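Asker: Input: one structure, supplied below.
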Amino acid sequence: DGGITQSPKYLFRKEGQNVTLSCEQNLNHDAMYWYRQDPGQGLRLIYYSQIVNDFQKGDIAEGYSVSREKKESFPLTVTSAQKNPTAFYLCASSAGTGGEQYFGPGTRLTVT
Amino acid sequence: DQQVKQNSPSLSVQEGRISILNCDYTNSMFDYFLWYKKYPAEGPTFLISISSIKDKNEDGRFTVFLNKSAKHLSLHIVPSQPGDSAVYFCAASGTGGGNKLTFGTGTQLKVEL
């Protein structure tokens with residue numbers, strides 16, 4: 001079955017620690033994206049990558065970092081510089097030529 | 001600056017009736033619009049899309065209407081079913097935007113028996 005996998009589903013960290021969220025896709029999509037969702041808000045774009053070894057900042061990139069070493073994988077690191085890291089994080093991918101994005105199941109990160 | 005707006009945070013309709021969810025946008029460069037459905041603690045699921053060269057697109061019970069002059073689109077669900085109860089997000093992308101999507105804040109639809 002083709003799809004997007006995010007792990008883990010729930011993640012707990014102490015303040016001051018970096019944490020990396022996993023995103024893998026087997027859809028052979030060129031483009032991948034990271035969003036965060038906060039209560040009462042829409043999805044906000046953190047980073048996106050249209051091709052391997054290349055990525056761009058989205059609207060709220062501060063405190064986050066990404067890498068795109070393989071087409072299938074786009075991990076997101078939430079650093080200690082991110083002031084409000086507790087959120088629901090969603091990874092998506094698209095064929096890259098326009099059109100819909102397909103989302104993974106999300107990771108709920110709680111930082112205390 | 002909210003470029004995609006869903007002004008109704010919630011909507012309640014009876015089973016079998018029509019649900020109409022609305023979305024407004026401000027960016028004239030947007031030329032592709034999508035609707036997603038989202039259940040709690042899950043990723044959004046793509047429902048239907050429309051290109052700016054069209055004013056209507058249908059897929060089963062779902063129809064999206066686009067009024068470019070008013071910068072307004074709507075999603076019609078008919079007949080509404082209890083399983084349609086979810087949060088619906090409107091999203092838009094524009095030429096040269098690298099397929100970036102800008103999302104609205106969502107409308108919680110509740111379909112009551």
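Residues in the structure tokens are named by chain (A, B, ... in the order shown) and by number from 1 within that chain; ligands are numbered from 1 in the order shown.
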Pick out the residues sitting within 7 Å of Ala31 (chain A), and hand them over as a list in words; count only C-alpha atoms, and ignore anything fewer than 2 positions along from it in its own chain.
Answerer: His29, Tyr33, Ser49, Gln50, Ile51, Ser93, Ser94, Ala95 and Gly96 of chain A
Asker: Return as a ChimeraX atom specification the residues belonging to chain A that are within 6 Å of chain B, counting only C-alpha atoms.
Answerer: /A:41-43,98,103-106
Asker: Need to verify the contact set: Gln108 (chain B), 12 Å, only C-alpha atoms, exclusion of same-chain residues closer than 6 positions in sequence. Can you return it as a ChimeraX atom specification?
Answerer: /A:40-42 /B:6-13,19-22,36-40,84-90
Asker: Restricting it to C-alpha atoms, dump the selection as a tab-separated table (two decimals), in the first residue's frame.
Answerer:
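Saved file out.tsv follows:
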```tsv
chain	number	residue	atom	x	y	z
A	40	GLY	CA	-8.45	26.75	16.24
A	41	GLN	CA	-5.92	27.38	13.52
A	42	GLY	CA	-5.36	26.06	10.08
B	6	GLN	CA	-13.26	30.34	6.60
B	7	ASN	CA	-15.44	32.64	8.62
B	8	SER	CA	-17.73	30.00	10.07
B	9	PRO	CA	-15.91	27.96	12.71
B	10	SER	CA	-18.81	25.53	12.96
B	11	LEU	CA	-21.89	24.36	11.08
B	12	SER	CA	-24.65	22.00	12.11
B	13	VAL	CA	-27.03	20.34	9.62
B	19	SER	CA	-24.20	21.24	3.91
B	20	ILE	CA	-22.63	24.40	2.49
B	21	LEU	CA	-19.16	25.35	3.63
B	22	ASN	CA	-17.72	28.67	2.54
B	36	TYR	CA	-9.74	18.63	2.79
B	37	LYS	CA	-11.61	16.74	5.47
B	38	LYS	CA	-10.00	16.07	8.82
B	39	TYR	CA	-10.91	13.91	11.76
B	40	PRO	CA	-9.33	14.58	15.20
B	84	ASP	CA	-19.38	13.68	7.12
B	85	SER	CA	-18.97	15.17	10.59
B	86	ALA	CA	-15.40	16.47	10.60
B	87	VAL	CA	-13.38	19.64	10.19
B	88	TYR	CA	-13.22	20.88	6.60
B	89	PHE	CA	-10.27	22.93	5.42
B	90	CYS	CA	-10.17	25.06	2.33
```
Asker: Taking only C-alpha atoms into account, name the residue in B:Ile53, B:Leu73, B:Leu109, B:Val78 that is nearest to Thr26 (chain B).
Answerer: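 Looking only at the distances to Thr26 (chain B), the closest residue turns out to be B:Leu73.
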Asker: Quick one: pick out all strand (DSSP E or B) residues within chain B from a backbone DSSP run and write them as a PyMOL selection string.
Answerer: chain B and resi 4-5+10-14+19-25+30-38+45-51+56-59+62-67+72-77+86-94+102-103+107-112
Asker: Show me, as an MDAnalysis selection string, the residues that have an atom within 7 Å of Gly58 (chain A) when counting only C-alpha atoms, minus same-chain residues fewer than 3 positions from it.
Answerer: chainID A and resid 45:48 61
Asker: Write the residues of the selection above to a file with N, CA and C atoms, as an mmCIF file, in the first residue's frame.
Answerer:
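Output saved as again.cif:
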```cif
data_model
loop_
_atom_site.group_PDB
_atom_site.id
_atom_site.type_symbol
_atom_site.label_atom_id
_atom_site.label_comp_id
_atom_site.auth_asym_id
_atom_site.auth_seq_id
_atom_site.Cartn_x
_atom_site.Cartn_y
_atom_site.Cartn_z
ATOM 1 N N LEU A 45 2.621 26.157 7.193
ATOM 2 C CA LEU A 45 3.746 25.499 6.541
ATOM 3 C C LEU A 45 5.059 25.835 7.238
ATOM 4 N N ILE A 46 5.807 24.789 7.602
ATOM 5 C CA ILE A 46 7.087 24.977 8.286
ATOM 6 C C ILE A 46 8.236 24.969 7.271
ATOM 7 N N TYR A 47 8.362 23.878 6.545
ATOM 8 C CA TYR A 47 9.390 23.702 5.517
ATOM 9 C C TYR A 47 8.799 22.867 4.387
ATOM 10 N N TYR A 48 9.378 23.014 3.200
ATOM 11 C CA TYR A 48 9.010 22.145 2.114
ATOM 12 C C TYR A 48 10.219 21.858 1.237
ATOM 13 N N ALA A 61 9.319 28.842 9.881
ATOM 14 C CA ALA A 61 10.482 27.947 9.931
ATOM 15 C C ALA A 61 11.373 28.135 11.164
#
```
Asker: CA of Glu72 (chain A) and CA of Gln6 (chain A), how far apart in Å?
Answerer: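 Taking CA of Gln6 (chain A) as the start and CA of Glu72 (chain A) as the end point, the length is 11.9 Å.
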Asker: Give me the residues within 10 Å of Ile77 (chain B) as a VMD selection string, counting only C-alpha atoms and dropping any in the same chain fewer than 4 places off.
Answerer: chain B and resid 16 to 21 59 to 64 81 84
Asker: Can you tell me which residues surround Pro82 (chain B) at a distance of at most 9 Å, considering only C-alpha atoms, apart from same-chain residues fewer than 3 positions away, and format the answer as a list in words?
Answerer: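 Non-adjacent residues within range: Gln14, Glu15, Ser85, Lys110, Val111, Glu112 and Leu113 of chain B.
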Asker: Limited to N, CA, C and O atoms, could you put the picked residues into a file as a PDB file, in the first residue's frame?
Answerer:
```pdb
ATOM      1  N   GLN B  14     -28.853  18.796   9.476  1.00  0.00           N
ATOM      2  CA  GLN B  14     -29.514  17.512   9.703  1.00  0.00           C
ATOM      3  C   GLN B  14     -29.136  16.525   8.613  1.00  0.00           C
ATOM      4  O   GLN B  14     -28.898  16.897   7.447  1.00  0.00           O
ATOM      5  N   GLU B  15     -29.099  15.287   8.996  1.00  0.00           N
ATOM      6  CA  GLU B  15     -28.828  14.217   8.039  1.00  0.00           C
ATOM      7  C   GLU B  15     -29.797  14.309   6.859  1.00  0.00           C
ATOM      8  O   GLU B  15     -30.991  14.540   7.033  1.00  0.00           O
ATOM      9  N   SER B  85     -19.332  14.323   9.449  1.00  0.00           N
ATOM     10  CA  SER B  85     -18.965  15.170  10.588  1.00  0.00           C
ATOM     11  C   SER B  85     -17.451  15.168  10.762  1.00  0.00           C
ATOM     12  O   SER B  85     -16.843  14.122  11.031  1.00  0.00           O
ATOM     13  N   LYS B 110     -21.027  19.359  11.780  1.00  0.00           N
ATOM     14  CA  LYS B 110     -21.686  18.313  12.556  1.00  0.00           C
ATOM     15  C   LYS B 110     -22.992  17.958  11.852  1.00  0.00           C
ATOM     16  O   LYS B 110     -23.841  18.822  11.646  1.00  0.00           O
ATOM     17  N   VAL B 111     -23.114  16.709  11.472  1.00  0.00           N
ATOM     18  CA  VAL B 111     -24.330  16.236  10.835  1.00  0.00           C
ATOM     19  C   VAL B 111     -25.118  15.447  11.864  1.00  0.00           C
ATOM     20  O   VAL B 111     -24.660  14.412  12.361  1.00  0.00           O
ATOM     21  N   GLU B 112     -26.304  15.951  12.157  1.00  0.00           N
ATOM     22  CA  GLU B 112     -27.109  15.355  13.224  1.00  0.00           C
ATOM     23  C   GLU B 112     -28.193  14.449  12.660  1.00  0.00           C
ATOM     24  O   GLU B 112     -28.731  14.710  11.582  1.00  0.00           O
ATOM     25  N   LEU B 113     -28.490  13.415  13.433  1.00  0.00           N
ATOM     26  CA  LEU B 113     -29.510  12.456  13.004  1.00  0.00           C
ATOM     27  C   LEU B 113     -30.904  13.075  13.102  1.00  0.00           C
ATOM     28  O   LEU B 113     -31.135  13.963  13.919  1.00  0.00           O
TER      29      LEU B 113
END
```
